[in-house]
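Listing of upload.pdb, PDB, C-alpha atoms
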ATOM      1  CA  MET W 429       3.631 -23.781  22.967  1.00  0.00           C
ATOM      2  CA  SER W 430       3.671 -22.578  26.548  1.00  0.00           C
ATOM      3  CA  SER W 431       0.521 -21.699  28.419  1.00  0.00           C
ATOM      4  CA  LYS W 432       1.900 -18.214  29.136  1.00  0.00           C
ATOM      5  CA  HIS W 433      -0.773 -15.569  28.554  1.00  0.00           C
ATOM      6  CA  ILE W 434      -0.130 -13.373  25.540  1.00  0.00           C
ATOM      7  CA  SER W 435      -1.796  -9.979  25.610  1.00  0.00           C
ATOM      8  CA  GLU W 436      -4.172  -8.974  22.843  1.00  0.00           C
ATOM      9  CA  THR W 437      -3.127  -6.894  19.864  1.00  0.00           C
ATOM     10  CA  PRO W 438      -5.371  -5.184  17.300  1.00  0.00           C
ATOM     11  CA  ALA W 439      -4.576  -8.179  15.045  1.00  0.00           C
ATOM     12  CA  THR W 440      -5.706 -10.852  17.532  1.00  0.00           C
ATOM     13  CA  GLN W 441      -8.793  -8.805  18.409  1.00  0.00           C
ATOM     14  CA  PHE W 442      -9.607  -8.686  14.680  1.00  0.00           C
ATOM     15  CA  LEU W 443      -9.135 -12.458  14.300  1.00  0.00           C
ATOM     16  CA  ARG W 444     -11.279 -13.243  17.358  1.00  0.00           C
ATOM     17  CA  ARG W 445     -13.995 -10.830  16.206  1.00  0.00           C
ATOM     18  CA  HIS W 446     -14.106 -12.636  12.837  1.00  0.00           C
ATOM     19  CA  ARG W 447     -14.009 -16.071  14.533  1.00  0.00           C
ATOM     20  CA  ILE W 448     -10.792 -17.104  12.801  1.00  0.00           C
ATOM     21  CA  VAL W 449      -8.986 -20.033  14.430  1.00  0.00           C
ATOM     22  CA  PHE W 450      -5.310 -19.310  15.093  1.00  0.00           C
ATOM     23  CA  SER W 451      -2.447 -20.487  17.271  1.00  0.00           C
ATOM     24  CA  GLU W 452      -0.052 -18.137  19.077  1.00  0.00           C
ATOM     25  CA  HIS W 453       3.719 -18.357  18.629  1.00  0.00           C
ATOM     26  CA  PRO W 454       5.889 -15.933  20.604  1.00  0.00           C
ATOM     27  CA  TYR W 455       9.651 -15.961  19.933  1.00  0.00           C
ATOM     28  CA  ALA W 456      12.705 -13.863  20.838  1.00  0.00           C
ATOM     29  CA  TYR W 457      12.657 -10.990  18.332  1.00  0.00           C
ATOM     30  CA  GLU W 458      15.974  -9.946  16.794  1.00  0.00           C
ATOM     31  CA  GLU W 459      16.368  -6.541  15.149  1.00  0.00           C
ATOM     32  CA  HIS W 460      16.865  -7.085  11.372  1.00  0.00           C
ATOM     33  CA  GLY W 461      16.619 -10.869  11.915  1.00  0.00           C
ATOM     34  CA  GLY W 462      13.712 -11.240   9.535  1.00  0.00           C
ATOM     35  CA  THR W 463      11.767 -14.406   8.896  1.00  0.00           C
ATOM     36  CA  ALA W 464      14.865 -16.611   9.207  1.00  0.00           C
ATOM     37  CA  VAL W 465      14.924 -15.932  12.967  1.00  0.00           C
ATOM     38  CA  SER W 466      11.218 -16.602  13.519  1.00  0.00           C
ATOM     39  CA  ALA W 467      11.229 -19.729  11.322  1.00  0.00           C
ATOM     40  CA  ARG W 468      14.206 -21.144  13.237  1.00  0.00           C
ATOM     41  CA  ALA W 469      12.602 -20.299  16.599  1.00  0.00           C
ATOM     42  CA  LEU W 470       9.329 -21.981  15.611  1.00  0.00           C
ATOM     43  CA  GLY W 471      11.031 -24.924  13.885  1.00  0.00           C
ATOM     44  CA  VAL W 472       9.196 -24.355  10.606  1.00  0.00           C
ATOM     45  CA  SER W 473      10.234 -23.691   7.017  1.00  0.00           C
ATOM     46  CA  GLU W 474      10.867 -20.031   6.228  1.00  0.00           C
ATOM     47  CA  HIS W 475       8.615 -20.573   3.197  1.00  0.00           C
ATOM     48  CA  HIS W 476       5.667 -20.972   5.640  1.00  0.00           C
ATOM     49  CA  VAL W 477       6.460 -17.731   7.489  1.00  0.00           C
ATOM     50  CA  VAL W 478       4.642 -14.943   5.664  1.00  0.00           C
ATOM     51  CA  LYS W 479       5.865 -11.372   5.854  1.00  0.00           C
ATOM     52  CA  THR W 480       3.496  -8.409   5.650  1.00  0.00           C
ATOM     53  CA  LEU W 481       5.013  -5.576   3.617  1.00  0.00           C
ATOM     54  CA  VAL W 482       3.575  -2.057   3.426  1.00  0.00           C
ATOM     55  CA  MET W 483       4.185  -0.646  -0.044  1.00  0.00           C
ATOM     56  CA  GLN W 484       2.840   2.220  -2.122  1.00  0.00           C
ATOM     57  CA  ASP W 485       2.079   2.944  -5.745  1.00  0.00           C
ATOM     58  CA  GLU W 486       3.202   5.921  -7.841  1.00  0.00           C
ATOM     59  CA  ALA W 487       0.435   8.071  -6.299  1.00  0.00           C
ATOM     60  CA  ALA W 488       1.647   7.131  -2.767  1.00  0.00           C
ATOM     61  CA  LYS W 489      -1.487   5.026  -2.190  1.00  0.00           C
ATOM     62  CA  PRO W 490      -0.616   2.293   0.339  1.00  0.00           C
ATOM     63  CA  LEU W 491      -1.107  -1.436  -0.138  1.00  0.00           C
ATOM     64  CA  LEU W 492      -0.097  -4.607   1.672  1.00  0.00           C
ATOM     65  CA  VAL W 493       1.847  -7.453   0.111  1.00  0.00           C
ATOM     66  CA  LEU W 494       1.915 -10.881   1.765  1.00  0.00           C
ATOM     67  CA  MET W 495       5.012 -12.809   0.703  1.00  0.00           C
ATOM     68  CA  HIS W 496       6.817 -16.023   1.662  1.00  0.00           C
ATOM     69  CA  GLY W 497       9.637 -15.340   4.104  1.00  0.00           C
ATOM     70  CA  ASP W 498      12.222 -16.867   1.794  1.00  0.00           C
ATOM     71  CA  CYS W 499      11.197 -14.737  -1.213  1.00  0.00           C
ATOM     72  CA  LYS W 500      11.394 -11.116  -2.286  1.00  0.00           C
ATOM     73  CA  VAL W 501       8.718  -9.103  -4.089  1.00  0.00           C
ATOM     74  CA  SER W 502       9.266  -8.251  -7.740  1.00  0.00           C
ATOM     75  CA  THR W 503       7.789  -4.754  -7.588  1.00  0.00           C
ATOM     76  CA  LYS W 504       7.943  -4.546 -11.385  1.00  0.00           C
ATOM     77  CA  ASN W 505       5.855  -7.717 -11.806  1.00  0.00           C
ATOM     78  CA  LEU W 506       3.453  -6.639  -9.071  1.00  0.00           C
ATOM     79  CA  ALA W 507       2.939  -3.190 -10.638  1.00  0.00           C
ATOM     80  CA  ARG W 508       2.247  -4.792 -14.020  1.00  0.00           C
ATOM     81  CA  GLN W 509      -0.289  -7.253 -12.545  1.00  0.00           C
ATOM     82  CA  ILE W 510      -2.239  -4.631 -10.617  1.00  0.00           C
ATOM     83  CA  ALA W 511      -2.101  -1.980 -13.388  1.00  0.00           C
ATOM     84  CA  ARG W 512       0.108   0.526 -11.574  1.00  0.00           C
ATOM     85  CA  LYS W 513       3.073   2.431 -12.979  1.00  0.00           C
ATOM     86  CA  SER W 514       5.304   1.564 -10.047  1.00  0.00           C
ATOM     87  CA  ILE W 515       5.350  -0.010  -6.599  1.00  0.00           C
ATOM     88  CA  GLU W 516       7.912   0.639  -3.879  1.00  0.00           C
ATOM     89  CA  PRO W 517       8.273  -0.131  -0.172  1.00  0.00           C
ATOM     90  CA  CYS W 518       7.068   2.598   2.191  1.00  0.00           C
ATOM     91  CA  GLN W 519       9.534   4.274   4.514  1.00  0.00           C
ATOM     92  CA  PRO W 520       9.227   2.833   8.065  1.00  0.00           C
ATOM     93  CA  ASP W 521       7.497   5.931   9.516  1.00  0.00           C
ATOM     94  CA  VAL W 522       5.007   6.006   6.619  1.00  0.00           C
ATOM     95  CA  ALA W 523       4.356   2.257   6.932  1.00  0.00           C
ATOM     96  CA  ASN W 524       3.724   2.733  10.663  1.00  0.00           C
ATOM     97  CA  ARG W 525       1.281   5.572   9.977  1.00  0.00           C
ATOM     98  CA  HIS W 526      -0.711   3.457   7.504  1.00  0.00           C
ATOM     99  CA  SER W 527      -0.696   0.169   9.415  1.00  0.00           C
ATOM    100  CA  GLY W 528      -0.505   1.272  13.045  1.00  0.00           C
ATOM    101  CA  TYR W 529       2.236  -1.330  13.587  1.00  0.00           C
ATOM    102  CA  LEU W 530       5.986  -1.053  14.031  1.00  0.00           C
ATOM    103  CA  ILE W 531       8.227  -2.515  11.327  1.00  0.00           C
ATOM    104  CA  GLY W 532       8.935  -6.095  12.379  1.00  0.00           C
ATOM    105  CA  GLY W 533       5.492  -6.312  13.948  1.00  0.00           C
ATOM    106  CA  THR W 534       3.272  -5.485  10.970  1.00  0.00           C
ATOM    107  CA  SER W 535       0.171  -7.639  10.662  1.00  0.00           C
ATOM    108  CA  PRO W 536      -2.383  -7.511   7.844  1.00  0.00           C
ATOM    109  CA  PHE W 537      -5.144  -7.806  10.475  1.00  0.00           C
ATOM    110  CA  GLY W 538      -6.541  -4.801  12.330  1.00  0.00           C
ATOM    111  CA  THR W 539      -4.587  -2.167  10.441  1.00  0.00           C
ATOM    112  CA  ARG W 540      -5.183   1.484  11.230  1.00  0.00           C
ATOM    113  CA  ARG W 541      -6.096   2.174   7.599  1.00  0.00           C
ATOM    114  CA  ALA W 542      -7.945  -0.174   5.230  1.00  0.00           C
ATOM    115  CA  MET W 543      -5.637  -1.107   2.352  1.00  0.00           C
ATOM    116  CA  PRO W 544      -5.848  -3.520  -0.566  1.00  0.00           C
ATOM    117  CA  VAL W 545      -3.984  -6.768   0.146  1.00  0.00           C
ATOM    118  CA  TYR W 546      -2.010  -8.633  -2.504  1.00  0.00           C
ATOM    119  CA  ILE W 547      -1.047 -12.188  -1.607  1.00  0.00           C
ATOM    120  CA  GLU W 548       1.514 -14.314  -3.408  1.00  0.00           C
ATOM    121  CA  GLN W 549      -0.762 -17.008  -4.865  1.00  0.00           C
ATOM    122  CA  THR W 550       1.448 -19.930  -3.798  1.00  0.00           C
ATOM    123  CA  ILE W 551       0.849 -19.010  -0.133  1.00  0.00           C
ATOM    124  CA  LEU W 552      -2.727 -20.212  -0.621  1.00  0.00           C
ATOM    125  CA  ASP W 553      -1.423 -23.702  -1.491  1.00  0.00           C
ATOM    126  CA  LEU W 554       0.081 -24.191   1.985  1.00  0.00           C
ATOM    127  CA  ASP W 555      -1.767 -25.994   4.806  1.00  0.00           C
ATOM    128  CA  LYS W 556      -0.706 -23.523   7.489  1.00  0.00           C
ATOM    129  CA  ILE W 557       1.180 -20.240   7.566  1.00  0.00           C
ATOM    130  CA  TYR W 558       2.752 -18.189  10.324  1.00  0.00           C
ATOM    131  CA  ILE W 559       2.081 -14.475  10.021  1.00  0.00           C
ATOM    132  CA  ASN W 560       2.703 -11.529  12.304  1.00  0.00           C
ATOM    133  CA  GLY W 561       0.216 -11.184  15.127  1.00  0.00           C
ATOM    134  CA  GLY W 562       0.698  -7.446  15.609  1.00  0.00           C
ATOM    135  CA  ARG W 563       3.835  -7.317  17.719  1.00  0.00           C
ATOM    136  CA  ARG W 564       7.548  -7.918  17.229  1.00  0.00           C
ATOM    137  CA  GLY W 565       8.361 -11.470  18.298  1.00  0.00           C
ATOM    138  CA  TYR W 566       4.826 -12.773  17.896  1.00  0.00           C
ATOM    139  CA  LEU W 567       3.408 -14.833  15.039  1.00  0.00           C
ATOM    140  CA  VAL W 568       0.020 -16.491  14.654  1.00  0.00           C
ATOM    141  CA  GLY W 569      -0.476 -19.815  12.903  1.00  0.00           C
ATOM    142  CA  ILE W 570      -3.448 -19.766  10.562  1.00  0.00           C
ATOM    143  CA  ALA W 571      -4.904 -21.546   7.536  1.00  0.00           C
ATOM    144  CA  PRO W 572      -4.076 -19.321   4.547  1.00  0.00           C
ATOM    145  CA  GLN W 573      -7.615 -19.711   3.150  1.00  0.00           C
ATOM    146  CA  SER W 574      -8.809 -17.809   6.256  1.00  0.00           C
ATOM    147  CA  LEU W 575      -7.103 -14.715   4.872  1.00  0.00           C
ATOM    148  CA  LEU W 576      -9.494 -14.673   1.925  1.00  0.00           C
ATOM    149  CA  ALA W 577     -12.474 -14.687   4.271  1.00  0.00           C
ATOM    150  CA  VAL W 578     -11.471 -11.581   6.225  1.00  0.00           C
ATOM    151  CA  LEU W 579      -9.120  -9.486   4.060  1.00  0.00           C
ATOM    152  CA  PRO W 580      -9.614  -7.793   0.683  1.00  0.00           C
ATOM    153  CA  CYS W 581      -7.075 -10.183  -0.912  1.00  0.00           C
ATOM    154  CA  THR W 582      -6.055 -10.398  -4.542  1.00  0.00           C
ATOM    155  CA  ALA W 583      -3.784 -13.288  -5.506  1.00  0.00           C
ATOM    156  CA  VAL W 584      -0.720 -12.278  -7.531  1.00  0.00           C
ATOM    157  CA  SER W 585       2.443 -13.933  -8.794  1.00  0.00           C
ATOM    158  CA  CYS W 586       5.394 -11.677  -7.988  1.00  0.00           C
ATOM    159  CA  ALA W 587       7.773 -13.805  -5.888  1.00  0.00           C
ATOM    160  CA  LEU W 588      11.511 -13.788  -6.458  1.00  0.00           C
ATOM    161  CA  THR W 589      13.367 -16.534  -4.613  1.00  0.00           C
ATOM    162  CA  ASP W 590      16.420 -15.498  -2.620  1.00  0.00           C
TER     163      ASP W 590
END

I'd like the structure from this file rewritten - as structure tokens, please.
Amino acid sequence: MSSKHISETPATQFLRRHRIVFSEHPYAYEEHGGTAVSARALGVSEHHVVKTLVMQDEAAKPLLVLMHGDCKVSTKNLARQIARKSIEPCQPDVANRHSGYLIGGTSPFGTRRAMPVYIEQTILDLDKIYINGGRRGYLVGIAPQSLLAVLPCTAVSCALTD
């Protein structure tokens, strides 16, 4: 990684405040490029790039889902596991209001509103993950177990492989 200074985001401020060790990985963001673009830019498996999705239940209560980049969320399985009638993705403007981040730059750290976090359990088996650092084109490398120390995480099994 270059020694170029990367400005702070609410996510990196949160990580530093909680003394979580992380590495910084800027890349050229592509609109609608998804995790395939960032994984290719970083030279890592898309399975190790974790996307942060803002979703809501039937009562429009927001929640975060952390999922492997190469998988989709089975909202039906997730709803069943967390005892909700239904789960659906939030519209981009609603997601922005809840998280304080733009779509493509959503981080689970330092969100505007505290939300429950559901993490695909197999993410916790990885040595290192790359997750959004609070800005489009910017990921942080972190040990997945660190997430459990600083976020209200519940492990779930709701991954659908692409």

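Each of W:Ala464, W:Leu567, W:Val522, W:Val482 was compared to Asp498 in chain W using all atoms listed in the file, and W:Ala464 turns out to be the nearest.
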
Looking at all atoms listed in the file, which of W:Ala488, W:Ile551, W:Leu481, W:Ala583 is the one that sits closest to Gly532 in chain W?
W:Leu481

Expansion of the PyMOL selection byres ((chain W and resi 553) around 12) into residues, as a ChimeraX atom specification:
/W:475-476,496,547-552,554-557,571-573,583

Hits from the PyMOL selection byres ((chain W and resi 536) around 9), listed as a PDB file with C-alpha atoms, keeping the file's coordinate frame:
ATOM      1  CA  ALA W 439      -4.576  -8.179  15.045  1.00  0.00           C
ATOM      2  CA  THR W 480       3.496  -8.409   5.650  1.00  0.00           C
ATOM      3  CA  LEU W 481       5.013  -5.576   3.617  1.00  0.00           C
ATOM      4  CA  LEU W 492      -0.097  -4.607   1.672  1.00  0.00           C
ATOM      5  CA  VAL W 493       1.847  -7.453   0.111  1.00  0.00           C
ATOM      6  CA  LEU W 494       1.915 -10.881   1.765  1.00  0.00           C
ATOM      7  CA  SER W 527      -0.696   0.169   9.415  1.00  0.00           C
ATOM      8  CA  THR W 534       3.272  -5.485  10.970  1.00  0.00           C
ATOM      9  CA  SER W 535       0.171  -7.639  10.662  1.00  0.00           C
ATOM     10  CA  PHE W 537      -5.144  -7.806  10.475  1.00  0.00           C
ATOM     11  CA  GLY W 538      -6.541  -4.801  12.330  1.00  0.00           C
ATOM     12  CA  THR W 539      -4.587  -2.167  10.441  1.00  0.00           C
ATOM     13  CA  VAL W 545      -3.984  -6.768   0.146  1.00  0.00           C
ATOM     14  CA  ILE W 559       2.081 -14.475  10.021  1.00  0.00           C
ATOM     15  CA  ASN W 560       2.703 -11.529  12.304  1.00  0.00           C
ATOM     16  CA  GLY W 561       0.216 -11.184  15.127  1.00  0.00           C
ATOM     17  CA  GLY W 562       0.698  -7.446  15.609  1.00  0.00           C
ATOM     18  CA  LEU W 579      -9.120  -9.486   4.060  1.00  0.00           C
TER      19      LEU W 579
END

Hits of the PyMOL selection byres ((chain W and resi 454) around 12) in this structure, as JSON, numbers by chain:
{"W": [429, 430, 431, 432, 433, 434, 435, 451, 452, 453, 455, 456, 457, 465, 466, 467, 469, 470, 533, 558, 559, 560, 561, 562, 563, 564, 565, 566, 567, 568, 569]}

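Across the model, the gap from CA of His526 in chain W to CA of Ala507 in chain W is 19.7 Å.
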
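The space separating CA of Cys499 in chain W from CA of Ala487 in chain W comes to 25.7 Å.
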
For Ala523 in chain W, the nearest of the candidates W:Lys489, W:Lys500, W:Arg468, W:Arg508, counting only C-alpha atoms:
W:Lys489

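If all atoms listed in the file are the atoms counted, then among W:Val472, W:Asn524, W:Gly497, W:Val584 the closest residue to Gln509 in chain W is W:Val584.
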
Determine the axis-aligned bounding box of all atoms of range 435-443 of chain W present in the file, pad each side by 8 Å, and express its centre and edge lengths in Å to one decimal place as lines of an AutoDock Vina configuration file.
center_x = -5.7
center_y = -8.8
center_z = 20.0
size_x = 23.8
size_y = 23.3
size_z = 27.3

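One finds CA of Gly528 in chain W at 21.0 Å from CA of Val477 in chain W.
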